[in-house]
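Participant: What follows is a single structure, and I will ask about it in a moment.
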Amino acid sequence: MDILDRNRILTELREQLASGDITIGEAVRRLRKDVTGLQQARFAQMCKLSLRALRQLEHDESNPTVQTLNSVFKPFGMQVGIVPTRPSATLFQHPKKNP
């Protein structure tokens, strides 16, 4: 895989995660398989996770901490964050002032 393929996959996964089209577990599995090509045991070791924790994460069977998620996403230049549910989503909107 060349750098362009890698960047294409990373961009696609970021967009799918942000839109809710893919679960975190599915994204982790694709990162591991499609980008690194590593087996679960080696990837878990690289991320300082137990094999069991990685398996549960990939199958969306766990409730990982932000720290755990960041340890998985960090090698790919990503971290967990808060994104709006829609582009103009705000809790409070200030009323417009009339001139």
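Ordered as shown in the structure tokens, chains take letters A, B, and onward, while each chain numbers its residues from 1 and ligands are numbered from 1 in the order shown.
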Near stretch 38-45 of chain A, within 12 Å and counting only C-alpha atoms, which residues show up once chain neighbours fewer than 2 positions away are dropped, as a list of chain:residue names?

Facilitator: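 In the requested form, the answer reads A:Val28, A:Arg29, A:Arg30, A:Leu31, A:Arg32, A:Lys33, A:Asp34, A:Val35, A:Thr36, A:Cys47, A:Lys48, A:Leu49, A:Ser50, A:Leu51, A:Arg52, A:Ala53, A:Leu54, A:Arg55, A:Gln56, A:Leu57, A:Glu58, A:Thr68, A:Leu69, A:Ser71, A:Val72, A:Phe73, A:Pro75.
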
Participant: Keeping C-alpha atoms, export the residues of the selection given above as a short mmCIF file (atom, residue, chain, number, x, y, z; two decimals), in the first residue's frame.

Facilitator:
```cif
data_model
loop_
_atom_site.label_atom_id
_atom_site.label_comp_id
_atom_site.auth_asym_id
_atom_site.auth_seq_id
_atom_site.Cartn_x
_atom_site.Cartn_y
_atom_site.Cartn_z
CA VAL A 28 -10.46 -0.09 14.22
CA ARG A 29 -10.68 -3.39 12.37
CA ARG A 30 -10.27 -1.67 8.98
CA LEU A 31 -7.32 0.36 10.26
CA ARG A 32 -5.66 -2.78 11.55
CA LYS A 33 -6.30 -4.91 8.49
CA ASP A 34 -6.32 -2.46 5.58
CA VAL A 35 -3.70 0.04 6.73
CA THR A 36 -1.27 -1.96 8.87
CA CYS A 47 -1.38 -0.31 21.05
CA LYS A 48 -0.57 -1.65 24.52
CA LEU A 49 -3.90 -3.47 24.75
CA SER A 50 -4.70 -7.02 25.65
CA LEU A 51 -5.74 -9.24 22.77
CA ARG A 52 -9.11 -9.71 24.44
CA ALA A 53 -9.64 -5.93 24.71
CA LEU A 54 -8.85 -5.47 21.01
CA ARG A 55 -11.17 -8.29 19.99
CA GLN A 56 -14.00 -6.82 22.05
CA LEU A 57 -13.32 -3.36 20.64
CA GLU A 58 -13.35 -4.59 17.03
CA THR A 68 -7.93 3.24 25.07
CA LEU A 69 -9.43 4.64 21.89
CA SER A 71 -4.02 4.56 21.97
CA VAL A 72 -5.55 2.77 18.98
CA PHE A 73 -6.09 5.86 16.81
CA PRO A 75 -0.61 5.81 15.25
#
```

Participant: DSSP on the backbone, helix (DSSP H, G or I) only: what residues of chain A does that give? Format it as a count of residues only.

Facilitator: 56

Participant: How far is it from atom CA of A:Ile82 to atom CA of A:Gly37, in Å with one decimal?

Facilitator: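 Separation of atom CA of A:Ile82 and atom CA of A:Gly37: 28.6 Å.
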
Participant: Please, what distance in Å, to one decimal, runs between atom CA of A:Thr23 and atom CA of A:Leu10?

Facilitator: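 If I compute the distance from atom CA of A:Thr23 to atom CA of A:Leu10, I get 14.4 Å.
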
Participant: So the first atom is atom CA of A:Ile3 and the second is atom CA of A:Asp60; what is the distance between them in Å, to one decimal place?

Facilitator: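 So the answer is 28.4 Å.
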